[in-house]
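This is structure.cif (mmCIF, C-alpha atoms).
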```cif
data_run
#
loop_
_atom_site.label_atom_id
_atom_site.label_comp_id
_atom_site.auth_asym_id
_atom_site.auth_seq_id
_atom_site.Cartn_x
_atom_site.Cartn_y
_atom_site.Cartn_z
CA MET A 111 -8.93 -15.24 13.01
CA ILE A 112 -11.26 -12.64 14.51
CA ALA A 113 -14.45 -13.84 16.18
CA ALA A 114 -17.37 -13.84 13.76
CA ARG A 115 -19.60 -11.50 15.77
CA GLU A 116 -16.93 -9.01 16.82
CA THR A 117 -17.92 -5.43 15.88
CA PHE A 118 -15.08 -3.46 17.51
CA GLY A 119 -17.26 -1.05 19.39
CA GLY A 120 -19.83 -0.94 16.59
CA THR A 121 -17.32 0.27 13.98
CA TRP A 122 -17.80 -2.99 12.02
CA PRO A 123 -21.58 -3.60 12.19
CA PHE A 124 -21.88 -5.85 9.14
CA LYS A 125 -23.34 -9.35 9.19
CA PRO A 126 -20.56 -11.97 8.95
CA ARG A 127 -20.86 -14.49 6.15
CA PHE A 128 -18.63 -17.45 5.47
CA PHE A 129 -17.67 -19.51 2.42
CA GLU A 130 -15.92 -22.85 2.75
CA GLY A 131 -15.69 -23.85 -0.90
CA ALA A 132 -12.00 -22.97 -1.10
CA GLY A 133 -11.10 -25.44 1.63
CA PHE A 134 -11.03 -23.01 4.55
CA ARG A 135 -13.46 -20.71 6.33
CA MET A 136 -13.41 -17.50 4.27
CA HIS A 137 -15.19 -14.46 5.68
CA TYR A 138 -16.92 -11.86 3.54
CA VAL A 139 -19.41 -9.03 3.85
CA ASP A 140 -22.34 -8.92 1.42
CA GLU A 141 -24.48 -5.79 1.74
CA GLY A 142 -27.02 -4.13 -0.56
CA THR A 143 -28.46 -5.09 -3.94
CA GLY A 144 -27.68 -4.27 -7.54
CA ASP A 145 -24.54 -4.65 -9.62
CA PRO A 146 -21.68 -5.86 -7.42
CA ILE A 147 -18.74 -3.88 -6.14
CA VAL A 148 -16.01 -6.20 -4.85
CA CYS A 149 -13.46 -4.51 -2.57
CA LEU A 150 -10.12 -6.24 -1.99
CA HIS A 151 -7.65 -5.38 0.76
CA GLY A 152 -3.92 -6.05 1.05
CA GLU A 153 -1.14 -6.25 3.65
CA PRO A 154 -1.61 -6.35 6.66
CA THR A 155 -5.28 -5.32 6.77
CA TRP A 156 -8.68 -6.90 6.16
CA GLY A 157 -12.16 -5.81 5.13
CA TYR A 158 -12.22 -3.33 8.02
CA LEU A 159 -10.27 -1.04 5.71
CA TYR A 160 -13.51 -0.54 3.73
CA ARG A 161 -15.83 0.01 6.69
CA ARG A 162 -16.67 3.56 5.61
CA PHE A 163 -17.24 2.53 1.99
CA ILE A 164 -19.82 -0.19 2.57
CA PRO A 165 -22.82 1.86 3.82
CA PRO A 166 -22.89 4.54 1.07
CA LEU A 167 -21.96 2.20 -1.80
CA SER A 168 -24.51 -0.43 -0.74
CA VAL A 169 -27.34 2.06 -1.20
CA THR A 170 -27.15 1.46 -4.96
CA HIS A 171 -24.94 -1.64 -5.30
CA ARG A 172 -24.27 -5.06 -3.83
CA VAL A 173 -21.00 -4.58 -1.95
CA VAL A 174 -18.92 -7.70 -1.33
CA VAL A 175 -15.80 -7.41 0.83
CA PRO A 176 -13.88 -10.65 1.40
CA ASP A 177 -10.99 -11.25 3.78
CA HIS A 178 -8.10 -13.10 2.15
CA MET A 179 -6.95 -16.37 3.66
CA GLY A 180 -4.98 -15.56 6.80
CA PHE A 181 -6.51 -12.14 7.35
CA GLY A 182 -9.40 -10.61 9.28
CA LYS A 183 -12.22 -12.98 10.10
CA SER A 184 -11.03 -15.58 7.60
CA GLU A 185 -9.31 -18.71 8.82
CA THR A 186 -5.51 -19.00 8.81
CA PRO A 187 -4.99 -22.66 7.88
CA GLN A 188 -1.50 -24.00 8.50
CA GLY A 189 0.23 -26.00 5.77
CA ARG A 190 -1.48 -24.09 2.96
CA GLU A 191 0.34 -22.22 0.20
CA TYR A 192 0.01 -18.47 0.75
CA SER A 193 0.79 -17.44 -2.81
CA LEU A 194 -0.70 -15.05 -5.34
CA ARG A 195 -2.06 -18.02 -7.27
CA ALA A 196 -3.75 -19.41 -4.14
CA HIS A 197 -5.36 -16.07 -3.25
CA VAL A 198 -6.68 -15.66 -6.80
CA ASP A 199 -8.07 -19.19 -6.74
CA ASN A 200 -9.81 -18.49 -3.42
CA LEU A 201 -11.37 -15.30 -4.78
CA THR A 202 -12.46 -17.06 -7.96
CA LYS A 203 -14.27 -19.78 -6.04
CA LEU A 204 -16.07 -17.18 -3.90
CA ILE A 205 -17.16 -15.04 -6.86
CA GLU A 206 -18.37 -18.07 -8.77
CA ALA A 207 -20.31 -19.33 -5.76
CA LEU A 208 -21.97 -15.93 -5.34
CA GLU A 209 -22.65 -15.82 -9.11
CA LEU A 210 -21.32 -12.28 -9.42
CA THR A 211 -21.17 -10.61 -12.83
CA ASN A 212 -20.79 -7.02 -14.08
CA ILE A 213 -18.38 -6.48 -11.19
CA THR A 214 -16.68 -3.23 -10.29
CA LEU A 215 -13.40 -4.23 -8.67
CA VAL A 216 -11.98 -1.85 -6.03
CA LEU A 217 -8.39 -2.89 -5.45
CA GLN A 218 -5.67 -1.81 -3.02
CA ASP A 219 -2.17 -3.15 -2.33
CA TRP A 220 -2.15 -6.95 -2.94
CA GLY A 221 -5.79 -6.65 -3.89
CA GLY A 222 -4.53 -5.07 -7.13
CA LEU A 223 -2.54 -8.12 -8.15
CA ILE A 224 -5.23 -10.54 -6.99
CA GLY A 225 -8.11 -8.67 -8.62
CA SER A 226 -6.23 -7.99 -11.86
CA ALA A 227 -5.25 -11.64 -12.20
CA PHE A 228 -8.91 -12.56 -11.70
CA ALA A 229 -10.07 -10.02 -14.30
CA LEU A 230 -7.56 -11.37 -16.85
CA ARG A 231 -8.94 -14.87 -16.49
CA HIS A 232 -12.62 -13.98 -16.08
CA PRO A 233 -13.28 -10.90 -18.22
CA ASP A 234 -16.90 -11.94 -18.63
CA ARG A 235 -17.49 -11.23 -14.94
CA VAL A 236 -15.70 -7.86 -14.64
CA ARG A 237 -17.04 -4.53 -15.88
CA ARG A 238 -14.41 -2.07 -14.58
CA LEU A 239 -11.46 -1.67 -12.20
CA PHE A 240 -10.85 1.08 -9.67
CA LEU A 241 -7.28 0.88 -8.37
CA LEU A 242 -5.84 2.68 -5.37
CA ASN A 243 -2.28 2.45 -4.11
CA THR A 244 -1.49 -0.73 -5.97
CA LEU A 245 0.10 -2.37 -8.97
CA THR A 246 -1.48 -4.95 -11.26
CA GLY A 247 1.77 -6.76 -12.01
CA TYR A 248 1.16 -6.49 -15.77
CA GLY A 249 2.66 -3.08 -16.49
CA LYS A 250 6.17 -4.40 -15.73
CA ALA A 251 6.93 -1.72 -13.15
CA PRO A 252 8.66 -2.87 -9.94
CA PRO A 253 7.35 -1.64 -6.58
CA GLY A 254 10.72 0.03 -6.01
CA LEU A 255 12.88 -0.08 -2.91
CA THR A 256 10.51 2.01 -0.81
CA PRO A 257 10.84 2.30 2.98
CA TRP A 258 8.53 -0.71 3.27
CA PHE A 259 10.49 -2.98 0.95
CA GLN A 260 13.78 -1.74 2.41
CA LEU A 261 12.53 -2.92 5.79
CA ILE A 262 11.48 -6.27 4.31
CA LEU A 263 14.83 -6.70 2.55
CA ASN A 264 16.88 -5.79 5.63
CA HIS A 265 15.05 -8.20 7.89
CA HIS A 266 14.99 -10.97 5.28
CA ARG A 267 18.77 -10.72 4.93
CA ALA A 268 19.16 -10.69 8.71
CA GLY A 269 16.82 -13.66 9.14
CA THR A 270 14.51 -11.64 11.37
CA LEU A 271 11.52 -10.99 9.09
CA GLY A 272 9.46 -13.67 10.78
CA GLU A 273 9.94 -11.91 14.10
CA VAL A 274 9.04 -8.46 12.76
CA LEU A 275 5.92 -9.56 10.89
CA GLY A 276 5.19 -12.36 13.32
CA HIS A 277 4.20 -9.93 16.07
CA LEU A 278 1.55 -7.83 14.36
CA ASP A 279 -0.52 -8.09 17.51
CA VAL A 280 1.82 -5.51 19.05
CA ASN A 281 3.44 -3.63 16.14
CA ILE A 282 0.61 -3.30 13.61
CA LEU A 283 0.51 0.50 13.91
CA SER A 284 4.24 0.95 13.34
CA ILE A 285 4.10 -1.40 10.34
CA MET A 286 1.22 0.53 8.79
CA LYS A 287 2.97 3.85 9.45
CA THR A 288 6.04 2.48 7.66
CA GLN A 289 3.87 1.67 4.66
CA GLY A 290 2.16 5.03 4.72
CA LEU A 291 -0.70 5.66 7.16
CA GLU A 292 -1.15 9.43 7.30
CA ASN A 293 -4.46 10.03 9.08
CA LEU A 294 -3.55 9.12 12.64
CA SER A 295 -6.79 10.68 13.90
CA VAL A 296 -8.53 7.40 13.02
CA VAL A 297 -6.39 5.49 15.51
CA ASP A 298 -8.21 4.67 18.74
CA SER A 299 -8.68 1.55 20.85
CA ASP A 300 -11.31 0.08 18.51
CA TRP A 301 -9.15 0.72 15.45
CA LEU A 302 -6.11 -0.88 17.06
CA ALA A 303 -8.12 -3.87 18.24
CA ALA A 304 -9.61 -4.34 14.78
CA TYR A 305 -6.26 -4.55 13.02
CA ARG A 306 -4.37 -6.36 15.80
CA SER A 307 -6.94 -9.05 16.53
CA ALA A 308 -6.34 -11.00 13.33
CA PHE A 309 -2.81 -11.83 14.50
CA PRO A 310 -2.88 -13.22 18.05
CA THR A 311 0.07 -15.58 17.43
CA LYS A 312 3.04 -15.83 15.10
CA GLU A 313 1.31 -18.69 13.30
CA ASP A 314 -1.60 -16.38 12.53
CA CYS A 315 0.81 -14.00 10.76
CA VAL A 316 1.81 -16.45 8.02
CA GLY A 317 -0.21 -14.69 5.33
CA ALA A 318 1.27 -11.32 6.24
CA ILE A 319 4.79 -12.74 6.20
CA GLU A 320 4.42 -14.45 2.83
CA PHE A 321 2.86 -11.55 0.89
CA PRO A 322 5.95 -9.27 0.81
CA LEU A 323 8.31 -12.21 0.37
CA ASP A 324 6.39 -13.21 -2.75
CA ALA A 325 7.26 -9.84 -4.28
CA LEU A 326 10.76 -9.46 -2.86
CA LEU A 327 11.92 -12.91 -3.97
CA GLY A 328 10.13 -12.81 -7.32
CA ARG A 329 7.97 -15.80 -6.48
CA ILE A 330 4.95 -14.18 -8.13
CA ARG A 331 6.69 -13.87 -11.50
CA PRO A 332 5.79 -17.30 -12.99
CA TYR A 333 2.11 -16.80 -12.22
CA LEU A 334 2.16 -13.28 -13.64
CA GLU A 335 3.86 -14.52 -16.80
CA GLU A 336 0.97 -16.94 -17.35
CA GLY A 337 -1.35 -13.96 -17.56
CA PHE A 338 0.48 -11.86 -20.15
CA PRO A 339 -1.09 -13.63 -23.16
CA LEU A 340 -4.47 -12.53 -21.76
CA LEU A 341 -3.48 -8.90 -21.25
CA GLU A 342 -6.02 -7.58 -23.76
CA ASN A 343 -8.74 -8.81 -21.40
CA LEU A 344 -7.46 -6.29 -18.88
CA LYS A 345 -6.77 -3.47 -21.30
CA SER A 346 -10.32 -3.66 -22.63
CA LYS A 347 -11.83 -2.75 -19.25
CA PRO A 348 -12.35 0.81 -18.07
CA ALA A 349 -9.93 1.58 -15.25
CA MET A 350 -9.13 4.45 -12.93
CA LEU A 351 -6.25 4.94 -10.49
CA ALA A 352 -6.26 6.97 -7.28
CA VAL A 353 -2.83 7.38 -5.70
CA GLY A 354 -2.05 8.47 -2.18
CA MET A 355 1.11 10.40 -2.97
CA LYS A 356 2.63 9.77 0.46
CA ASP A 357 2.65 6.02 -0.14
CA ARG A 358 5.80 4.47 1.34
CA ALA A 359 5.00 0.88 0.34
CA ILE A 360 4.62 1.26 -3.44
CA ALA A 361 6.27 4.27 -5.09
CA PRO A 362 3.53 6.56 -6.49
CA GLU A 363 5.49 7.20 -9.71
CA ASN A 364 5.71 3.44 -10.29
CA GLN A 365 1.99 3.04 -9.73
CA ILE A 366 1.24 5.72 -12.29
CA SER A 367 3.68 4.48 -14.94
CA GLU A 368 2.48 0.90 -14.56
CA PHE A 369 -1.16 1.97 -14.81
CA LYS A 370 -0.49 4.09 -17.91
CA ALA A 371 1.35 1.20 -19.57
CA ILE A 372 -1.92 -0.74 -19.51
CA TRP A 373 -4.51 2.04 -19.69
CA PRO A 374 -2.88 5.04 -21.46
CA GLU A 375 -6.15 6.98 -21.43
CA GLY A 376 -7.22 5.92 -17.93
CA PRO A 377 -7.72 8.74 -15.43
CA VAL A 378 -5.25 9.16 -12.57
CA ILE A 379 -6.15 11.09 -9.43
CA LYS A 380 -3.33 12.18 -7.11
CA LEU A 381 -4.30 12.42 -3.44
CA ARG A 382 -1.63 14.76 -2.08
CA ASN A 383 -2.19 14.15 1.62
CA ALA A 384 -2.97 10.43 1.55
CA GLY A 385 -0.61 7.51 1.93
CA HIS A 386 -0.72 3.79 1.21
CA PHE A 387 -3.94 3.31 3.17
CA SER A 388 -5.91 5.97 1.35
CA GLN A 389 -9.16 4.36 2.52
CA GLU A 390 -8.19 5.58 6.00
CA ASP A 391 -6.74 8.88 4.82
CA ALA A 392 -9.33 10.08 2.29
CA PRO A 393 -12.45 7.86 2.41
CA ASP A 394 -15.03 10.46 1.38
CA THR A 395 -13.01 11.49 -1.66
CA LEU A 396 -12.54 7.89 -2.75
CA ILE A 397 -16.21 7.00 -2.31
CA ALA A 398 -17.18 9.97 -4.49
CA LEU A 399 -14.60 8.97 -7.12
CA ILE A 400 -15.86 5.38 -7.23
CA GLU A 401 -19.45 6.55 -7.66
CA LEU A 402 -18.46 9.00 -10.40
CA PHE A 403 -16.34 6.37 -12.16
CA ILE A 404 -19.20 3.89 -12.23
CA VAL A 405 -21.65 6.45 -13.61
CA SER A 406 -19.19 7.63 -16.27
CA THR A 407 -18.46 4.11 -17.56
CA ARG A 408 -21.97 2.72 -17.80
#
```
Structure encoded using structure tokens:
Amino acid sequence: MIAARETFGGTWPFKPRFFEGAGFRMHYVDEGTGDPIVCLHGEPTWGYLYRRFIPPLSVTHRVVVPDHMGFGKSETPQGREYSLRAHVDNLTKLIEALELTNITLVLQDWGGLIGSAFALRHPDRVRRLFLLNTLTGYGKAPPGLTPWFQLILNHHRAGTLGEVLGHLDVNILSIMKTQGLENLSVVDSDWLAAYRSAFPTKEDCVGAIEFPLDALLGRIRPYLEEGFPLLENLKSKPAMLAVGMKDRAIAPENQISEFKAIWPEGPVIKLRNAGHFSQEDAPDTLIALIELFIVSTR
């Protein structure tokens, strides 16, 4: 867990806020006023991924950026279940406590599955979904055996996955490059410290270890199956997909086919030079797309 007041050289200047209603200390940013935009990160990042999004979007909206359990400035409790169901429950408790409605969800990586599962179950709180480099889990498209999942599979079979993902304090950059980080110009000492500092010990890496195993071993399937009877709640929402076409964690063609299975008329934007972490690779383009999407679906 990163210290509450850490700003990483001023690159993360936002006031830390904490919610304990889910049984652990959950960090979130809450900036601006107006209809809420909730931005969800994935593996192995935290809210820092949205640092460039928060200032411009909070001019006209209330921007809420939580860190999932085990990531960023949130606590990493031991003995807890780090499952899709648990992460959705944590998010639900936070959103209900903040009394958020008319939400625009901005979802990347595991944020897509978490946010989509929330939207299915709470359609009254969600206005629209903006997806980037993610799957919802409800279009029945597998992530594919990308370089990222090949690495996970190889190390799981060898019994070494806990060692690879248990040392993110030293190998975070190589892991993110494997997944698809293209804009290496963002990498400096502050950037490295921001992403490394959440994982000072192997025990602090439990959330990052369990996320890909949930997908690889099919452990998320029962929870996803529970949501299929509610699929119309998702289909009824406006949605847009932006895809970093150099994604090496989730195959871009699978992202697009899964998205179109749910939202056949939903717009898809292909970002040719962006990878899995398109927030790092093409932030200005994505901010403009989010703003345009909100205006066009009012």
Would you translate the PyMOL selection byres ((chain A and resi 240) around 9) into the concrete set of residues it matches in this file, as a PDB file with C-alpha atoms, in the frame of the given file?
```pdb
ATOM      1  CA  THR A 214     -16.680  -3.230 -10.290  1.00  0.00           C
ATOM      2  CA  LEU A 215     -13.400  -4.230  -8.670  1.00  0.00           C
ATOM      3  CA  VAL A 216     -11.980  -1.850  -6.030  1.00  0.00           C
ATOM      4  CA  LEU A 217      -8.390  -2.890  -5.450  1.00  0.00           C
ATOM      5  CA  GLN A 218      -5.670  -1.810  -3.020  1.00  0.00           C
ATOM      6  CA  ARG A 238     -14.410  -2.070 -14.580  1.00  0.00           C
ATOM      7  CA  LEU A 239     -11.460  -1.670 -12.200  1.00  0.00           C
ATOM      8  CA  LEU A 241      -7.280   0.880  -8.370  1.00  0.00           C
ATOM      9  CA  LEU A 242      -5.840   2.680  -5.370  1.00  0.00           C
ATOM     10  CA  PRO A 348     -12.350   0.810 -18.070  1.00  0.00           C
ATOM     11  CA  ALA A 349      -9.930   1.580 -15.250  1.00  0.00           C
ATOM     12  CA  MET A 350      -9.130   4.450 -12.930  1.00  0.00           C
ATOM     13  CA  LEU A 351      -6.250   4.940 -10.490  1.00  0.00           C
ATOM     14  CA  ALA A 352      -6.260   6.970  -7.280  1.00  0.00           C
ATOM     15  CA  ILE A 400     -15.860   5.380  -7.230  1.00  0.00           C
ATOM     16  CA  PHE A 403     -16.340   6.370 -12.160  1.00  0.00           C
TER      17      PHE A 403
END
```
Q. Evaluating the PyMOL selection byres ((chain A and resi 394) around 12) on the displayed file yields which residues, as a list of chain:residue names?
A. A:Tyr160, A:Arg161, A:Arg162, A:Phe163, A:Ile164, A:Pro165, A:Pro166, A:Leu167, A:Leu381, A:Ser388, A:Gln389, A:Glu390, A:Asp391, A:Ala392, A:Pro393, A:Thr395, A:Leu396, A:Ile397, A:Ala398, A:Leu399, A:Ile400, A:Glu401
Tell me which protein, DNA and RNA residues are within 8 Å of segment 357-369 of chain A, counting all atoms listed in the file, leaving out same-chain ones fewer than 3 positions away, and put them as a PDB file with C-alpha atoms, in the frame of the given file.
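Contents of the output file selection-v1.pdb:
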```
ATOM      1  CA  ASN A 243      -2.280   2.450  -4.110  1.00  0.00           C
ATOM      2  CA  THR A 244      -1.490  -0.730  -5.970  1.00  0.00           C
ATOM      3  CA  LEU A 245       0.100  -2.370  -8.970  1.00  0.00           C
ATOM      4  CA  THR A 246      -1.480  -4.950 -11.260  1.00  0.00           C
ATOM      5  CA  TYR A 248       1.160  -6.490 -15.770  1.00  0.00           C
ATOM      6  CA  GLY A 249       2.660  -3.080 -16.490  1.00  0.00           C
ATOM      7  CA  LYS A 250       6.170  -4.400 -15.730  1.00  0.00           C
ATOM      8  CA  ALA A 251       6.930  -1.720 -13.150  1.00  0.00           C
ATOM      9  CA  PRO A 252       8.660  -2.870  -9.940  1.00  0.00           C
ATOM     10  CA  PRO A 253       7.350  -1.640  -6.580  1.00  0.00           C
ATOM     11  CA  GLY A 254      10.720   0.030  -6.010  1.00  0.00           C
ATOM     12  CA  THR A 256      10.510   2.010  -0.810  1.00  0.00           C
ATOM     13  CA  PRO A 257      10.840   2.300   2.980  1.00  0.00           C
ATOM     14  CA  TRP A 258       8.530  -0.710   3.270  1.00  0.00           C
ATOM     15  CA  PHE A 259      10.490  -2.980   0.950  1.00  0.00           C
ATOM     16  CA  THR A 288       6.040   2.480   7.660  1.00  0.00           C
ATOM     17  CA  GLN A 289       3.870   1.670   4.660  1.00  0.00           C
ATOM     18  CA  GLY A 290       2.160   5.030   4.720  1.00  0.00           C
ATOM     19  CA  LEU A 351      -6.250   4.940 -10.490  1.00  0.00           C
ATOM     20  CA  VAL A 353      -2.830   7.380  -5.700  1.00  0.00           C
ATOM     21  CA  GLY A 354      -2.050   8.470  -2.180  1.00  0.00           C
ATOM     22  CA  ILE A 372      -1.920  -0.740 -19.510  1.00  0.00           C
ATOM     23  CA  TRP A 373      -4.510   2.040 -19.690  1.00  0.00           C
ATOM     24  CA  PRO A 374      -2.880   5.040 -21.460  1.00  0.00           C
ATOM     25  CA  GLY A 376      -7.220   5.920 -17.930  1.00  0.00           C
ATOM     26  CA  VAL A 378      -5.250   9.160 -12.570  1.00  0.00           C
ATOM     27  CA  ALA A 384      -2.970  10.430   1.550  1.00  0.00           C
ATOM     28  CA  GLY A 385      -0.610   7.510   1.930  1.00  0.00           C
ATOM     29  CA  HIS A 386      -0.720   3.790   1.210  1.00  0.00           C
ATOM     30  CA  PHE A 387      -3.940   3.310   3.170  1.00  0.00           C
TER      31      PHE A 387
END
```
**Asked** Once the PyMOL selection byres ((chain A and resi 266) around 12) has been applied to the shown file, what residues remain in the selection, as a VMD selection string?
**Response** chain A and resid 259 to 265 267 to 275 319 to 320 322 to 324 326 to 327
Of A:Val297, A:Val139, A:Leu150, A:Val173, the one sitting nearest Gly225 of chain A when using all atoms listed in the file is A:Leu150
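The two atoms in question, atom CA of Leu208 of chain A and atom CA of Val316 of chain A, are spaced 27.3 Å apart.
Note that the spacing between atom CA of Tyr305 of chain A and atom CA of Glu153 of chain A amounts to 10.8 Å.
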Which residues come within 7 Å of Met111 of chain A, counting only C-alpha atoms, excluding same-chain residues fewer than 3 positions away, as a ChimeraX atom specification? /A:181-186,308
Report task. Can you pull out every residue within 12 Å of Ala304 of chain A, counting all atoms listed in the file, but drop anything in the same chain fewer than 5 positions away, and send it as a ChimeraX atom specification? Result -> /A:111-113,116-122,154-159,161,181-183,278-279,282-283,296-299,309-310
What would the file look like if the residues just selected were written as a PDB file, keeping the file's coordinate frame with C-alpha atoms?
```
ATOM      1  CA  MET A 111      -8.930 -15.240  13.010  1.00  0.00           C
ATOM      2  CA  ILE A 112     -11.260 -12.640  14.510  1.00  0.00           C
ATOM      3  CA  ALA A 113     -14.450 -13.840  16.180  1.00  0.00           C
ATOM      4  CA  GLU A 116     -16.930  -9.010  16.820  1.00  0.00           C
ATOM      5  CA  THR A 117     -17.920  -5.430  15.880  1.00  0.00           C
ATOM      6  CA  PHE A 118     -15.080  -3.460  17.510  1.00  0.00           C
ATOM      7  CA  GLY A 119     -17.260  -1.050  19.390  1.00  0.00           C
ATOM      8  CA  GLY A 120     -19.830  -0.940  16.590  1.00  0.00           C
ATOM      9  CA  THR A 121     -17.320   0.270  13.980  1.00  0.00           C
ATOM     10  CA  TRP A 122     -17.800  -2.990  12.020  1.00  0.00           C
ATOM     11  CA  PRO A 154      -1.610  -6.350   6.660  1.00  0.00           C
ATOM     12  CA  THR A 155      -5.280  -5.320   6.770  1.00  0.00           C
ATOM     13  CA  TRP A 156      -8.680  -6.900   6.160  1.00  0.00           C
ATOM     14  CA  GLY A 157     -12.160  -5.810   5.130  1.00  0.00           C
ATOM     15  CA  TYR A 158     -12.220  -3.330   8.020  1.00  0.00           C
ATOM     16  CA  LEU A 159     -10.270  -1.040   5.710  1.00  0.00           C
ATOM     17  CA  ARG A 161     -15.830   0.010   6.690  1.00  0.00           C
ATOM     18  CA  PHE A 181      -6.510 -12.140   7.350  1.00  0.00           C
ATOM     19  CA  GLY A 182      -9.400 -10.610   9.280  1.00  0.00           C
ATOM     20  CA  LYS A 183     -12.220 -12.980  10.100  1.00  0.00           C
ATOM     21  CA  LEU A 278       1.550  -7.830  14.360  1.00  0.00           C
ATOM     22  CA  ASP A 279      -0.520  -8.090  17.510  1.00  0.00           C
ATOM     23  CA  ILE A 282       0.610  -3.300  13.610  1.00  0.00           C
ATOM     24  CA  LEU A 283       0.510   0.500  13.910  1.00  0.00           C
ATOM     25  CA  VAL A 296      -8.530   7.400  13.020  1.00  0.00           C
ATOM     26  CA  VAL A 297      -6.390   5.490  15.510  1.00  0.00           C
ATOM     27  CA  ASP A 298      -8.210   4.670  18.740  1.00  0.00           C
ATOM     28  CA  SER A 299      -8.680   1.550  20.850  1.00  0.00           C
ATOM     29  CA  PHE A 309      -2.810 -11.830  14.500  1.00  0.00           C
ATOM     30  CA  PRO A 310      -2.880 -13.220  18.050  1.00  0.00           C
TER      31      PRO A 310
END
```
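Restricting the calculation to all atoms listed in the file, the smallest distance between Val174 of chain A and any of A:Val148, A:Met355, A:Leu255, A:Ala371 is found for A:Val148.
The coordinates place atom CA of Thr143 of chain A at 17.1 Å from atom CA of Glu206 of chain A.
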Practice prompt. Within 8 Å of Arg127 of chain A, counting only C-alpha atoms, which residues show up once you throw out same-chain ones fewer than 5 positions away? Write them as a PyMOL selection string, please.
Written response: chain A and resi 137-140
With C-alpha atoms retained, could you export that selection as a PDB file, in the frame of the given file?
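Writing done, so here's out-v2.pdb:
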```pdb
ATOM      1  CA  HIS A 137     -15.190 -14.460   5.680  1.00  0.00           C
ATOM      2  CA  TYR A 138     -16.920 -11.860   3.540  1.00  0.00           C
ATOM      3  CA  VAL A 139     -19.410  -9.030   3.850  1.00  0.00           C
ATOM      4  CA  ASP A 140     -22.340  -8.920   1.420  1.00  0.00           C
TER       5      ASP A 140
END
```
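Candidate residues A:Gly152, A:Gly131, A:Gly317, A:Pro126 were compared for distance to Ala207 of chain A, and the nearest is A:Gly131, using all atoms listed in the file.
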Compile a residue-level contact table for segment 195-215 of chain A against segment 230-234 of chain A at a cut-off of 9 Å, reporting for every qualifying residue the shortest atom pair and its distance in Å to one decimal, with only C-alpha atoms counted, rows ordered by chain and ascending number, as a Markdown table.
```
| residue | atom | partner | partner_atom | distance |
| --- | --- | --- | --- | --- |
| A:Thr202 | CA | A:His232 | CA | 8.7 |
| A:Thr211 | CA | A:Asp234 | CA | 7.3 |
| A:Asn212 | CA | A:Asp234 | CA | 7.7 |
```
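Comparing the minimum interatomic distances between Cys315 of chain A and each of A:Arg235, A:His171, A:Lys380, A:His277, counting all atoms listed in the file, we find that A:His277 sits nearest.
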Excluding Gly247 of chain A and any residue of its chain fewer than 4 positions from it, enumerate the residues within 9 Å of it, using all atoms listed in the file, and give them as a count of residues only.
-> 10
Restricting to only C-alpha atoms, whichever of A:Leu204, A:Ile213, A:Leu294, A:Leu194 is closest to Arg172 of chain A is A:Ile213
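Of the residues under consideration (A:Met286, A:Leu291, A:Ile404, A:Val236), A:Val236 shows the shortest atom-to-atom contact distance to Leu344 of chain A when counting only C-alpha atoms.
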Write a file for segment 149-159 of chain A of the given structure; include N, CA and C atoms and format it as a compact mmCIF listing (two decimals), in the first residue's frame.
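Produced file selection25.txt, reproduced below:
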```txt
# COMPACT_ATOMS: atom_id res chain seq x y z
N CYS A 149 -13.56 5.93 -13.11
CA CYS A 149 -12.49 5.33 -13.92
C CYS A 149 -11.91 4.14 -13.18
N LEU A 150 -11.90 2.98 -13.82
CA LEU A 150 -11.41 1.76 -13.19
C LEU A 150 -10.17 1.22 -13.91
N HIS A 151 -9.16 0.91 -13.12
CA HIS A 151 -7.90 0.38 -13.64
C HIS A 151 -7.93 -1.15 -13.64
N GLY A 152 -6.80 -1.73 -14.05
CA GLY A 152 -6.67 -3.19 -14.06
C GLY A 152 -5.34 -3.62 -13.51
N GLU A 153 -4.73 -4.59 -14.18
CA GLU A 153 -3.51 -5.28 -13.74
C GLU A 153 -2.27 -4.75 -14.46
N PRO A 154 -1.19 -4.41 -13.81
CA PRO A 154 -0.95 -4.33 -12.37
C PRO A 154 -0.86 -2.87 -11.92
N THR A 155 -1.79 -2.04 -12.34
CA THR A 155 -1.70 -0.60 -12.14
C THR A 155 -2.59 -0.15 -10.99
N TRP A 156 -2.83 1.14 -10.93
CA TRP A 156 -3.76 1.74 -9.96
C TRP A 156 -4.26 3.05 -10.55
N GLY A 157 -4.90 3.87 -9.74
CA GLY A 157 -5.47 5.10 -10.27
C GLY A 157 -4.49 6.02 -10.95
N TYR A 158 -3.21 5.86 -10.67
CA TYR A 158 -2.17 6.66 -11.33
C TYR A 158 -2.28 6.60 -12.85
N LEU A 159 -2.82 5.53 -13.36
CA LEU A 159 -3.01 5.37 -14.80
C LEU A 159 -3.87 6.48 -15.38
```
